[in-house]
$ cat start13.csv   # CSV, C-alpha atoms (C1' of nucleotides)
chain,number,residue,atom,x,y,z
D,1,MET,CA,-5.7,-38.8,15.3
D,2,GLY,CA,-5.5,-37.2,17.1
D,3,ARG,CA,-2.9,-34.6,17.8
D,4,THR,CA,-1.0,-32.9,15.1
D,5,ARG,CA,2.0,-35.2,15.2
D,6,HIS,CA,4.1,-34.3,18.1
D,7,ASP,CA,2.6,-30.9,18.9
D,8,ARG,CA,3.6,-29.5,22.2
D,9,PHE,CA,2.1,-30.9,25.3
D,10,ASP,CA,0.8,-27.9,27.2
D,11,CYS,CA,-0.8,-30.0,29.9
D,12,SER,CA,0.0,-30.5,33.5
D,13,PRO,CA,1.0,-33.8,35.1
D,14,GLY,CA,-1.3,-35.8,32.8
D,15,CYS,CA,1.0,-34.6,30.0
D,16,ALA,CA,3.0,-37.8,30.0
D,17,VAL,CA,-0.2,-39.7,29.0
D,18,GLU,CA,-0.6,-37.7,25.9
D,19,ALA,CA,3.1,-37.8,25.2
D,20,THR,CA,3.0,-41.6,25.1
D,21,LEU,CA,-0.2,-41.6,23.1
D,22,SER,CA,1.3,-39.3,20.5
D,23,LEU,CA,3.8,-42.1,19.7
D,24,ILE,CA,1.3,-44.9,19.2
D,25,ASP,CA,-1.4,-42.7,17.7
D,26,GLY,CA,-1.8,-43.3,14.1
D,27,LYS,CA,-4.3,-45.7,12.7
D,28,TRP,CA,-1.9,-48.6,12.4
D,29,LYS,CA,0.9,-48.0,14.8
D,30,GLY,CA,-0.7,-49.9,17.7
D,31,VAL,CA,-1.2,-53.1,15.7
D,32,VAL,CA,2.1,-52.8,14.0
D,33,LEU,CA,3.9,-52.6,17.3
D,34,TYR,CA,1.8,-55.4,18.6
D,35,HIS,CA,2.7,-57.7,15.8
D,36,LEU,CA,6.4,-56.8,16.0
D,37,MET,CA,6.3,-58.0,19.5
D,38,SER,CA,6.3,-61.5,18.1
D,39,GLY,CA,9.6,-60.9,16.3
D,40,THR,CA,11.1,-59.6,13.1
D,41,MET,CA,8.8,-59.0,10.2
D,42,ARG,CA,9.3,-58.0,6.5
D,43,PHE,CA,7.2,-55.3,5.0
D,44,ASN,CA,4.6,-57.5,3.2
D,45,GLU,CA,4.5,-59.8,6.1
D,46,ILE,CA,3.3,-56.9,8.3
D,47,ARG,CA,1.0,-55.8,5.5
D,48,ARG,CA,-0.7,-59.2,5.3
D,49,LYS,CA,-1.6,-58.8,9.0
D,50,LEU,CA,-3.4,-55.5,8.2
D,51,PRO,CA,-5.8,-56.5,5.4
D,52,ASN,CA,-7.0,-52.9,4.7
D,53,VAL,CA,-3.9,-50.9,5.0
D,54,THR,CA,-2.3,-49.3,1.9
D,55,GLN,CA,1.4,-49.5,1.2
D,56,ARG,CA,1.6,-45.8,1.4
D,57,MET,CA,0.1,-45.7,4.9
D,58,LEU,CA,2.0,-48.6,6.2
D,59,THR,CA,5.2,-47.1,4.9
D,60,LYS,CA,4.4,-43.8,6.5
D,61,GLN,CA,3.5,-45.3,9.9
D,62,LEU,CA,6.6,-47.5,9.9
D,63,ARG,CA,8.7,-44.4,9.1
D,64,GLU,CA,7.2,-42.5,11.9
D,65,LEU,CA,7.7,-45.3,14.3
D,66,GLU,CA,11.3,-45.5,13.2
D,67,ALA,CA,11.7,-41.7,13.6
D,68,ASP,CA,10.4,-42.0,17.1
D,69,GLY,CA,13.0,-44.7,17.8
D,70,LEU,CA,10.4,-47.4,18.5
D,71,ILE,CA,11.4,-49.8,15.6
D,72,THR,CA,14.4,-50.5,13.5
D,73,ARG,CA,14.6,-50.9,9.8
D,74,LYS,CA,17.1,-53.2,8.2
D,75,VAL,CA,17.5,-53.0,4.5
D,76,PHE,CA,19.2,-55.8,2.6
D,77,ALA,CA,20.9,-54.8,-0.6
D,78,GLN,CA,19.5,-57.5,-2.8
D,79,VAL,CA,17.0,-58.1,-5.6
D,80,PRO,CA,14.2,-58.5,-4.9
D,81,PRO,CA,14.5,-56.1,-2.0
D,82,ARG,CA,14.1,-57.2,1.6
D,83,VAL,CA,13.4,-55.0,4.6
D,84,ASP,CA,13.2,-56.3,8.1
D,85,TYR,CA,11.4,-54.5,10.8
D,86,ASP,CA,12.0,-55.0,14.5
D,87,LEU,CA,11.2,-53.4,17.8
D,88,SER,CA,14.0,-51.3,19.0
D,89,GLU,CA,15.3,-51.4,22.6
D,90,ARG,CA,13.0,-48.5,23.3
D,91,GLY,CA,10.2,-50.1,21.4
D,92,ARG,CA,10.5,-53.1,23.7
D,93,THR,CA,9.9,-51.0,26.7
D,94,LEU,CA,6.6,-50.2,25.3
D,95,GLU,CA,5.5,-53.8,25.4
D,96,PRO,CA,3.7,-53.5,28.7
D,97,VAL,CA,1.8,-50.6,27.4
D,98,ILE,CA,0.7,-52.3,24.2
D,99,LEU,CA,-0.3,-55.4,26.2
D,100,ALA,CA,-2.3,-53.2,28.6
D,101,LEU,CA,-4.2,-51.8,25.6
D,102,LYS,CA,-4.7,-55.2,24.0
D,103,THR,CA,-5.8,-56.9,27.3
D,104,TRP,CA,-8.3,-54.2,28.0
D,105,GLY,CA,-9.6,-54.3,24.5
D,106,ASP,CA,-10.1,-58.0,24.6
D,107,ALA,CA,-11.9,-57.8,27.9
D,108,ASN,CA,-14.0,-54.7,27.4
D,109,MET,CA,-14.6,-54.2,23.7
D,110,PRO,CA,-17.5,-55.9,21.9
D,111,SER,CA,-16.4,-58.2,19.1
D,112,THR,CA,-12.8,-57.3,18.7
D,113,GLY,CA,-12.2,-60.5,17.0
D,114,SER,CA,-10.9,-62.2,20.1
D,115,VAL,CA,-14.3,-63.3,21.2
D,116,ALA,CA,-14.3,-66.4,23.3
D,117,ALA,CA,-15.3,-69.4,21.2
G,1,MET,CA,-6.5,-38.7,15.3
G,2,GLY,CA,-6.0,-41.0,14.6
G,3,ARG,CA,-8.8,-43.1,13.3
G,4,THR,CA,-12.1,-41.8,12.1
G,5,ARG,CA,-13.9,-42.1,15.4
G,6,HIS,CA,-14.9,-45.7,15.9
G,7,ASP,CA,-14.3,-46.9,12.4
G,8,ARG,CA,-14.3,-50.6,12.0
G,9,PHE,CA,-11.3,-52.5,13.1
G,10,ASP,CA,-10.4,-54.6,10.2
G,11,CYS,CA,-7.3,-55.9,11.8
G,12,SER,CA,-6.4,-59.3,13.1
G,13,PRO,CA,-5.6,-60.1,16.7
G,14,GLY,CA,-3.9,-56.8,17.3
G,15,CYS,CA,-7.3,-55.3,16.7
G,16,ALA,CA,-8.0,-55.0,20.4
G,17,VAL,CA,-5.1,-52.6,20.7
G,18,GLU,CA,-6.6,-50.2,18.2
G,19,ALA,CA,-10.0,-50.6,19.7
G,20,THR,CA,-8.8,-49.5,23.1
G,21,LEU,CA,-6.8,-46.7,21.5
G,22,SER,CA,-9.8,-45.4,19.7
G,23,LEU,CA,-11.5,-44.7,23.0
G,24,ILE,CA,-8.7,-42.7,24.5
G,25,ASP,CA,-7.6,-41.1,21.3
G,26,GLY,CA,-8.5,-37.5,21.1
G,27,LYS,CA,-6.2,-34.7,22.0
G,28,TRP,CA,-7.4,-34.4,25.6
G,29,LYS,CA,-9.1,-37.6,26.5
G,30,GLY,CA,-6.0,-39.2,28.0
G,31,VAL,CA,-5.3,-36.3,30.3
G,32,VAL,CA,-8.9,-35.9,31.2
G,33,LEU,CA,-9.2,-39.5,32.2
G,34,TYR,CA,-6.0,-39.2,34.1
G,35,HIS,CA,-7.2,-36.3,36.1
G,36,LEU,CA,-10.6,-37.9,36.8
G,37,MET,CA,-8.7,-40.8,38.4
G,38,SER,CA,-8.2,-38.4,41.3
G,39,GLY,CA,-11.9,-38.0,41.8
G,40,THR,CA,-14.9,-36.0,40.8
G,41,MET,CA,-14.3,-32.8,38.9
G,42,ARG,CA,-16.4,-29.9,37.7
G,43,PHE,CA,-16.2,-28.6,34.2
G,44,ASN,CA,-14.0,-25.6,34.8
G,45,GLU,CA,-12.0,-27.5,37.3
G,46,ILE,CA,-10.9,-29.9,34.5
G,47,ARG,CA,-10.5,-27.0,32.2
G,48,ARG,CA,-8.0,-25.3,34.5
G,49,LYS,CA,-5.9,-28.5,34.3
G,50,LEU,CA,-5.7,-28.1,30.6
G,51,PRO,CA,-4.5,-24.6,30.1
G,52,ASN,CA,-4.8,-24.6,26.3
G,53,VAL,CA,-8.0,-26.4,25.7
G,54,THR,CA,-11.1,-24.5,24.5
G,55,GLN,CA,-14.5,-25.1,26.0
G,56,ARG,CA,-15.7,-26.4,22.7
G,57,MET,CA,-13.1,-29.1,22.6
G,58,LEU,CA,-13.3,-30.0,26.2
G,59,THR,CA,-17.0,-30.3,26.0
G,60,LYS,CA,-16.7,-32.5,22.9
G,61,GLN,CA,-14.1,-34.8,24.4
G,62,LEU,CA,-16.1,-35.1,27.5
G,63,ARG,CA,-19.2,-36.0,25.5
G,64,GLU,CA,-17.4,-38.6,23.6
G,65,LEU,CA,-16.0,-40.1,26.7
G,66,GLU,CA,-19.5,-40.2,28.1
G,67,ALA,CA,-20.9,-41.8,25.0
G,68,ASP,CA,-18.2,-44.5,25.3
G,69,GLY,CA,-19.3,-45.1,28.8
G,70,LEU,CA,-16.0,-44.1,30.3
G,71,ILE,CA,-17.2,-41.2,32.4
G,72,THR,CA,-20.5,-40.0,33.9
G,73,ARG,CA,-22.0,-36.6,33.8
G,74,LYS,CA,-24.0,-35.3,36.6
G,75,VAL,CA,-26.0,-32.1,36.0
G,76,PHE,CA,-27.2,-30.1,39.0
G,77,ALA,CA,-30.3,-28.0,38.3
G,78,GLN,CA,-29.2,-24.8,39.9
G,79,VAL,CA,-28.0,-21.3,39.0
G,80,PRO,CA,-25.2,-21.0,38.3
G,81,PRO,CA,-25.0,-24.4,36.7
G,82,ARG,CA,-22.9,-27.1,38.0
G,83,VAL,CA,-21.8,-30.3,36.3
G,84,ASP,CA,-19.8,-33.0,37.9
G,85,TYR,CA,-17.7,-35.5,35.9
G,86,ASP,CA,-16.6,-38.9,37.2
G,87,LEU,CA,-15.0,-42.0,35.9
G,88,SER,CA,-17.7,-44.6,35.4
G,89,GLU,CA,-17.3,-48.2,36.4
G,90,ARG,CA,-16.0,-49.0,33.0
G,91,GLY,CA,-13.8,-46.0,33.1
G,92,ARG,CA,-12.1,-47.2,36.3
G,93,THR,CA,-11.1,-50.4,34.6
G,94,LEU,CA,-9.1,-48.2,32.3
G,95,GLU,CA,-6.9,-46.9,35.1
G,96,PRO,CA,-4.2,-49.5,34.7
G,97,VAL,CA,-4.0,-48.6,31.0
G,98,ILE,CA,-3.8,-44.8,31.7
G,99,LEU,CA,-1.2,-45.4,34.3
G,100,ALA,CA,0.8,-47.5,32.0
G,101,LEU,CA,0.8,-44.7,29.5
G,102,LYS,CA,1.7,-42.1,32.1
G,103,THR,CA,4.4,-44.2,33.6
G,104,TRP,CA,6.1,-44.9,30.3
G,105,GLY,CA,5.8,-41.3,29.3
G,106,ASP,CA,7.4,-40.1,32.5
G,107,ALA,CA,10.2,-42.6,32.1
G,108,ASN,CA,10.8,-42.3,28.4
G,109,MET,CA,9.8,-39.0,27.2
G,110,PRO,CA,12.0,-36.0,27.3
G,111,SER,CA,10.7,-33.1,29.4
G,112,THR,CA,7.2,-34.1,29.9
G,113,GLY,CA,7.0,-31.8,32.8
G,114,SER,CA,7.8,-34.6,35.3
G,115,VAL,CA,11.5,-34.1,35.0
G,116,ALA,CA,13.4,-35.0,38.1
G,117,ALA,CA,14.4,-31.9,39.8
J,1,DC,C1',-21.1,-21.7,34.9
J,2,DG,C1',-21.2,-24.7,31.3
J,3,DG,C1',-22.2,-24.9,27.4
J,4,DA,C1',-24.2,-24.6,21.8
J,5,DA,C1',-23.7,-22.5,17.1
J,6,DT,C1',-20.7,-21.0,13.3
J,7,DC,C1',-16.9,-20.6,10.6
J,8,DC,C1',-12.6,-22.2,9.2
J,9,DC,C1',-8.3,-24.9,8.4
J,10,DG,C1',-4.5,-28.4,8.4
J,11,DT,C1',-3.5,-32.9,7.9
J,12,DA,C1',-4.1,-37.7,8.7
J,13,DG,C1',-5.4,-40.9,5.8
J,14,DG,C1',-7.1,-43.0,1.4
J,15,DA,C1',-7.0,-44.3,-4.0
J,16,DT,C1',-4.3,-44.9,-7.7
J,17,DA,C1',-0.3,-45.3,-10.6
J,18,DC,C1',4.6,-45.8,-11.3
J,19,DT,C1',9.6,-47.6,-10.1
J,20,DG,C1',14.5,-49.5,-8.8
M,1,DC,C1',9.5,-56.7,-3.0
M,2,DA,C1',9.1,-52.5,-1.0
M,3,DG,C1',8.6,-48.7,-1.8
M,4,DT,C1',7.8,-43.3,-4.1
M,5,DA,C1',4.7,-39.7,-6.3
M,6,DT,C1',0.2,-37.2,-6.9
M,7,DC,C1',-4.1,-36.1,-6.0
M,8,DC,C1',-8.1,-35.6,-3.0
M,9,DT,C1',-11.2,-35.2,1.1
M,10,DA,C1',-13.2,-36.0,5.6
M,11,DC,C1',-12.8,-34.7,10.1
M,12,DG,C1',-10.3,-33.4,14.2
M,13,DG,C1',-9.5,-29.4,16.3
M,14,DG,C1',-9.2,-24.2,16.9
M,15,DA,C1',-11.3,-19.3,17.4
M,16,DT,C1',-15.0,-16.6,18.3
M,17,DT,C1',-19.6,-15.4,19.5
M,18,DC,C1',-24.0,-16.1,21.8
M,19,DC,C1',-27.2,-18.4,25.5
M,20,DG,C1',-30.0,-20.2,29.8
$ encode --input "start13.csv" --output "structure tokens"
Amino acid sequence: MGRTRHDRFDCSPGCAVEATLSLIDGKWKGVVLYHLMSGTMRFNEIRRKLPNVTQRMLTKQLRELEADGLITRKVFAQVPPRVDYDLSERGRTLEPVILALKTWGDANMPSTGSVAA
Amino acid sequence: MGRTRHDRFDCSPGCAVEATLSLIDGKWKGVVLYHLMSGTMRFNEIRRKLPNVTQRMLTKQLRELEADGLITRKVFAQVPPRVDYDLSERGRTLEPVILALKTWGDANMPSTGSVAA
DNA sequence: CGGAATCCCGTAGGATACTG
DNA sequence: CAGTATCCTACGGGATTCCG
């Protein structure tokens, strides 16, 4: 999306808005963070939640989230491999924001899937 | 950006998150919305708030926000022209979300401009 | 003043194949 | 299982010029 990954925020006070956005911008970051709010998840577990994501993209988004300190990545030295993803401390502080996005979407977006039965 | 402007959200419950994000994603939309929370603004007035935006981009972002029903555009038939931008009803409901983004950014992002003196 | 029209480019994101 | 490695392209975004 959006901005060229972490480019400088030249803006005035509203700057913080874009700064935060830059972290959760990325086609799948929002959903990933959302799902991780429910707890630890393995790679394919997350993947199953995003039917149309490719491994490449999911990996990339996860790595960026990790680089931004929002999630942690725990690799288990075993065969077959196992990698656990979790929200980091910092990531948890984002929960209200994610929830705000989700809540608004549910309430104001047409057919987001969470349509009342 | 993120996502290819309003592409389908194939995701599960977290979908709403991306749906909301798709509306405020765009390099300047967040800030624009933020500033409009303070009240009506003319084109160049907004522009002055975003030192590095080009007219083309600002126009584009404003048009998209308008198309998404988040802001209103009032054109005055006079010379020189005058165009007022406002948050729409729907746009106002986004305020909590924008504020959440801004608040988190201020608290968790390094040098966003709002650094404590 | 508030745009529209052009031209141009980087990169986010996808498709596919291979691997420890 | 959880990734890399390549290749490819659409489009988000910028620079510049012209217009009512």
$ closest_atom_pairs --input "start13.csv" --of "chain J" --to "chain D" --cutoff "12 Å" --atoms "all atoms listed in the file" --output "JSON lines"
{"residue": "J:DG10", "atom": "C1'", "partner": "D:Thr4", "partner_atom": "CA", "distance": 8.8}
{"residue": "J:DT11", "atom": "C1'", "partner": "D:Thr4", "partner_atom": "CA", "distance": 7.6}
{"residue": "J:DA12", "atom": "C1'", "partner": "D:Met1", "partner_atom": "CA", "distance": 6.9}
{"residue": "J:DG13", "atom": "C1'", "partner": "D:Met57", "partner_atom": "CA", "distance": 7.4}
{"residue": "J:DG14", "atom": "C1'", "partner": "D:Thr54", "partner_atom": "CA", "distance": 7.9}
{"residue": "J:DA15", "atom": "C1'", "partner": "D:Thr54", "partner_atom": "CA", "distance": 9.0}
{"residue": "J:DT16", "atom": "C1'", "partner": "D:Thr54", "partner_atom": "CA", "distance": 10.7}
{"residue": "J:DG20", "atom": "C1'", "partner": "D:Pro81", "partner_atom": "CA", "distance": 9.5}
$ interface_residues --input "start13.csv" --of "chain D" --to "chain G" --cutoff "9 Å" --atoms "only C-alpha atoms" --output "JSON, numbers by chain"
{"D": [1, 2, 3, 4, 9, 10, 11, 12, 13, 14, 15, 16, 17, 18, 19, 20, 21, 22, 24, 25, 26, 27, 28, 29, 30, 31, 32, 33, 34, 35, 49, 50, 51, 52, 90, 93, 94, 96, 97, 98, 99, 100, 101, 102, 103, 104, 105, 106, 107, 108, 109, 112, 113, 114]}
$ residues_around --input "start13.csv" --residues "DT16 (chain M)" --least-positions-apart "5" --cutoff "12 Å" --atoms "only C-alpha atoms (C1' of nucleotides)" --output "number ranges by chain"
G: 54-56; J: 5-8
$ atom_distance --input "start13.csv" --atom1 "CA of Glu66 (chain D)" --atom2 "C1' of DC11 (chain M)"
26.6 Å
$ residues_around --input "start13.csv" --residues "DA2 (chain M)" --least-positions-apart "2" --cutoff "12 Å" --atoms "all atoms listed in the file" --output "PyMOL selection string"
(chain D and resi 42-47+55-56+58-59+75-76+78-84) or (chain J and resi 19-20) or (chain M and resi 4)
$ interface_residues --input "start13.csv" --of "chain M" --to "chain G" --cutoff "9 Å" --atoms "all atoms listed in the file" --output "PyMOL selection string"
chain M and resi 10-15
$ write_last_selection --input "start13.csv" --atoms "C-alpha atoms (C1' of nucleotides)" --output "compact mmCIF listing (two decimals), in the coordinates of the input"
# COMPACT_ATOMS: atom_id res chain seq x y z
C1' DA M 10 -13.20 -36.00 5.60
C1' DC M 11 -12.80 -34.70 10.10
C1' DG M 12 -10.30 -33.40 14.20
C1' DG M 13 -9.50 -29.40 16.30
C1' DG M 14 -9.20 -24.20 16.90
C1' DA M 15 -11.30 -19.30 17.40
$ atom_distance --input "start13.csv" --atom1 "C1' of DC1 (chain M)" --atom2 "CA of Gly69 (chain D)"
24.3 Å
$ decode --input "start13.csv" --residues "region 47-59 of chain G" --atoms "all heavy atoms" --output "PDB file, in the first residue's frame"
ATOM      1  N   ARG G  47      -3.541  21.171   2.050  1.00  0.00           N
ATOM      2  CA  ARG G  47      -2.247  21.003   1.413  1.00  0.00           C
ATOM      3  C   ARG G  47      -1.115  21.560   2.260  1.00  0.00           C
ATOM      4  O   ARG G  47      -0.042  20.986   2.365  1.00  0.00           O
ATOM      5  CB  ARG G  47      -2.266  21.721   0.054  1.00  0.00           C
ATOM      6  CG  ARG G  47      -1.217  21.202  -0.851  1.00  0.00           C
ATOM      7  CD  ARG G  47      -1.279  21.848  -2.194  1.00  0.00           C
ATOM      8  NE  ARG G  47      -0.062  21.550  -2.941  1.00  0.00           N
ATOM      9  CZ  ARG G  47       0.307  22.210  -4.015  1.00  0.00           C
ATOM     10  NH1 ARG G  47      -0.445  23.178  -4.474  1.00  0.00           N
ATOM     11  NH2 ARG G  47       1.415  21.895  -4.632  1.00  0.00           N
ATOM     12  N   ARG G  48      -1.382  22.679   2.858  1.00  0.00           N
ATOM     13  CA  ARG G  48      -0.353  23.303   3.689  1.00  0.00           C
ATOM     14  C   ARG G  48       0.018  22.424   4.881  1.00  0.00           C
ATOM     15  O   ARG G  48       1.124  22.494   5.402  1.00  0.00           O
ATOM     16  CB  ARG G  48      -0.857  24.668   4.177  1.00  0.00           C
ATOM     17  CG  ARG G  48      -0.181  25.836   3.464  1.00  0.00           C
ATOM     18  CD  ARG G  48      -0.881  27.146   3.764  1.00  0.00           C
ATOM     19  NE  ARG G  48      -1.796  27.562   2.692  1.00  0.00           N
ATOM     20  CZ  ARG G  48      -3.072  27.906   2.881  1.00  0.00           C
ATOM     21  NH1 ARG G  48      -3.597  27.887   4.083  1.00  0.00           N
ATOM     22  NH2 ARG G  48      -3.808  28.269   1.850  1.00  0.00           N
ATOM     23  N   LYS G  49      -0.937  21.586   5.273  1.00  0.00           N
ATOM     24  CA  LYS G  49      -0.676  20.699   6.398  1.00  0.00           C
ATOM     25  C   LYS G  49       0.226  19.533   6.007  1.00  0.00           C
ATOM     26  O   LYS G  49       0.887  18.927   6.840  1.00  0.00           O
ATOM     27  CB  LYS G  49      -2.003  20.128   6.930  1.00  0.00           C
ATOM     28  CG  LYS G  49      -2.931  21.164   7.504  1.00  0.00           C
ATOM     29  CD  LYS G  49      -2.506  21.562   8.898  1.00  0.00           C
ATOM     30  CE  LYS G  49      -3.579  22.409   9.579  1.00  0.00           C
ATOM     31  NZ  LYS G  49      -3.197  22.721  10.977  1.00  0.00           N
ATOM     32  N   LEU G  50       0.204  19.209   4.721  1.00  0.00           N
ATOM     33  CA  LEU G  50       1.043  18.117   4.226  1.00  0.00           C
ATOM     34  C   LEU G  50       2.100  18.711   3.309  1.00  0.00           C
ATOM     35  O   LEU G  50       1.955  18.690   2.097  1.00  0.00           O
ATOM     36  CB  LEU G  50       0.229  17.091   3.438  1.00  0.00           C
ATOM     37  CG  LEU G  50      -0.904  16.317   4.106  1.00  0.00           C
ATOM     38  CD1 LEU G  50      -0.591  16.027   5.555  1.00  0.00           C
ATOM     39  CD2 LEU G  50      -2.217  17.049   4.013  1.00  0.00           C
ATOM     40  N   PRO G  51       3.184  19.176   3.878  1.00  0.00           N
ATOM     41  CA  PRO G  51       4.240  19.888   3.162  1.00  0.00           C
ATOM     42  C   PRO G  51       4.709  19.197   1.883  1.00  0.00           C
ATOM     43  O   PRO G  51       5.048  19.840   0.921  1.00  0.00           O
ATOM     44  CB  PRO G  51       5.376  19.947   4.179  1.00  0.00           C
ATOM     45  CG  PRO G  51       4.725  19.780   5.499  1.00  0.00           C
ATOM     46  CD  PRO G  51       3.553  18.889   5.263  1.00  0.00           C
ATOM     47  N   ASN G  52       4.709  17.885   1.894  1.00  0.00           N
ATOM     48  CA  ASN G  52       5.300  17.175   0.759  1.00  0.00           C
ATOM     49  C   ASN G  52       4.336  16.504  -0.196  1.00  0.00           C
ATOM     50  O   ASN G  52       4.734  15.707  -1.037  1.00  0.00           O
ATOM     51  CB  ASN G  52       6.292  16.140   1.267  1.00  0.00           C
ATOM     52  CG  ASN G  52       7.466  16.786   1.976  1.00  0.00           C
ATOM     53  OD1 ASN G  52       7.647  18.010   1.897  1.00  0.00           O
ATOM     54  ND2 ASN G  52       8.251  15.996   2.665  1.00  0.00           N
ATOM     55  N   VAL G  53       3.087  16.807  -0.056  1.00  0.00           N
ATOM     56  CA  VAL G  53       2.137  16.185  -0.970  1.00  0.00           C
ATOM     57  C   VAL G  53       2.060  17.020  -2.250  1.00  0.00           C
ATOM     58  O   VAL G  53       2.272  18.230  -2.229  1.00  0.00           O
ATOM     59  CB  VAL G  53       0.740  16.087  -0.321  1.00  0.00           C
ATOM     60  CG1 VAL G  53       0.069  17.432  -0.318  1.00  0.00           C
ATOM     61  CG2 VAL G  53      -0.105  15.054  -1.030  1.00  0.00           C
ATOM     62  N   THR G  54       1.761  16.369  -3.357  1.00  0.00           N
ATOM     63  CA  THR G  54       1.593  17.117  -4.602  1.00  0.00           C
ATOM     64  C   THR G  54       0.092  17.310  -4.803  1.00  0.00           C
ATOM     65  O   THR G  54      -0.706  16.538  -4.281  1.00  0.00           O
ATOM     66  CB  THR G  54       2.162  16.338  -5.799  1.00  0.00           C
ATOM     67  OG1 THR G  54       1.475  15.100  -5.936  1.00  0.00           O
ATOM     68  CG2 THR G  54       3.635  16.083  -5.619  1.00  0.00           C
ATOM     69  N   GLN G  55      -0.279  18.311  -5.601  1.00  0.00           N
ATOM     70  CA  GLN G  55      -1.706  18.545  -5.817  1.00  0.00           C
ATOM     71  C   GLN G  55      -2.355  17.306  -6.380  1.00  0.00           C
ATOM     72  O   GLN G  55      -3.430  16.904  -5.976  1.00  0.00           O
ATOM     73  CB  GLN G  55      -1.983  19.671  -6.796  1.00  0.00           C
ATOM     74  CG  GLN G  55      -0.945  20.749  -6.892  1.00  0.00           C
ATOM     75  CD  GLN G  55       0.258  20.338  -7.721  1.00  0.00           C
ATOM     76  OE1 GLN G  55       0.800  19.249  -7.540  1.00  0.00           O
ATOM     77  NE2 GLN G  55       0.698  21.205  -8.606  1.00  0.00           N
ATOM     78  N   ARG G  56      -1.667  16.703  -7.338  1.00  0.00           N
ATOM     79  CA  ARG G  56      -2.212  15.515  -7.965  1.00  0.00           C
ATOM     80  C   ARG G  56      -2.594  14.460  -6.946  1.00  0.00           C
ATOM     81  O   ARG G  56      -3.708  13.958  -6.954  1.00  0.00           O
ATOM     82  CB  ARG G  56      -1.192  14.914  -8.935  1.00  0.00           C
ATOM     83  CG  ARG G  56      -1.685  13.665  -9.612  1.00  0.00           C
ATOM     84  CD  ARG G  56      -0.701  13.178 -10.667  1.00  0.00           C
ATOM     85  NE  ARG G  56      -0.347  11.787 -10.532  1.00  0.00           N
ATOM     86  CZ  ARG G  56      -1.203  10.780 -10.685  1.00  0.00           C
ATOM     87  NH1 ARG G  56      -2.454  11.031 -10.956  1.00  0.00           N
ATOM     88  NH2 ARG G  56      -0.814   9.558 -10.556  1.00  0.00           N
ATOM     89  N   MET G  57      -1.667  14.146  -6.060  1.00  0.00           N
ATOM     90  CA  MET G  57      -1.927  13.118  -5.083  1.00  0.00           C
ATOM     91  C   MET G  57      -3.005  13.535  -4.095  1.00  0.00           C
ATOM     92  O   MET G  57      -3.906  12.759  -3.799  1.00  0.00           O
ATOM     93  CB  MET G  57      -0.644  12.747  -4.344  1.00  0.00           C
ATOM     94  CG  MET G  57       0.201  11.732  -5.061  1.00  0.00           C
ATOM     95  SD  MET G  57      -0.787  10.381  -5.761  1.00  0.00           S
ATOM     96  CE  MET G  57      -1.427   9.616  -4.273  1.00  0.00           C
ATOM     97  N   LEU G  58      -2.907  14.770  -3.628  1.00  0.00           N
ATOM     98  CA  LEU G  58      -3.906  15.209  -2.664  1.00  0.00           C
ATOM     99  C   LEU G  58      -5.291  15.124  -3.293  1.00  0.00           C
ATOM    100  O   LEU G  58      -6.227  14.601  -2.704  1.00  0.00           O
ATOM    101  CB  LEU G  58      -3.617  16.640  -2.201  1.00  0.00           C
ATOM    102  CG  LEU G  58      -4.584  17.154  -1.143  1.00  0.00           C
ATOM    103  CD1 LEU G  58      -4.659  16.182   0.020  1.00  0.00           C
ATOM    104  CD2 LEU G  58      -4.176  18.531  -0.664  1.00  0.00           C
ATOM    105  N   THR G  59      -5.402  15.609  -4.503  1.00  0.00           N
ATOM    106  CA  THR G  59      -6.679  15.543  -5.207  1.00  0.00           C
ATOM    107  C   THR G  59      -7.172  14.109  -5.291  1.00  0.00           C
ATOM    108  O   THR G  59      -8.319  13.808  -4.993  1.00  0.00           O
ATOM    109  CB  THR G  59      -6.530  16.087  -6.645  1.00  0.00           C
ATOM    110  OG1 THR G  59      -5.980  17.390  -6.587  1.00  0.00           O
ATOM    111  CG2 THR G  59      -7.859  16.127  -7.339  1.00  0.00           C
TER     112      THR G  59
END
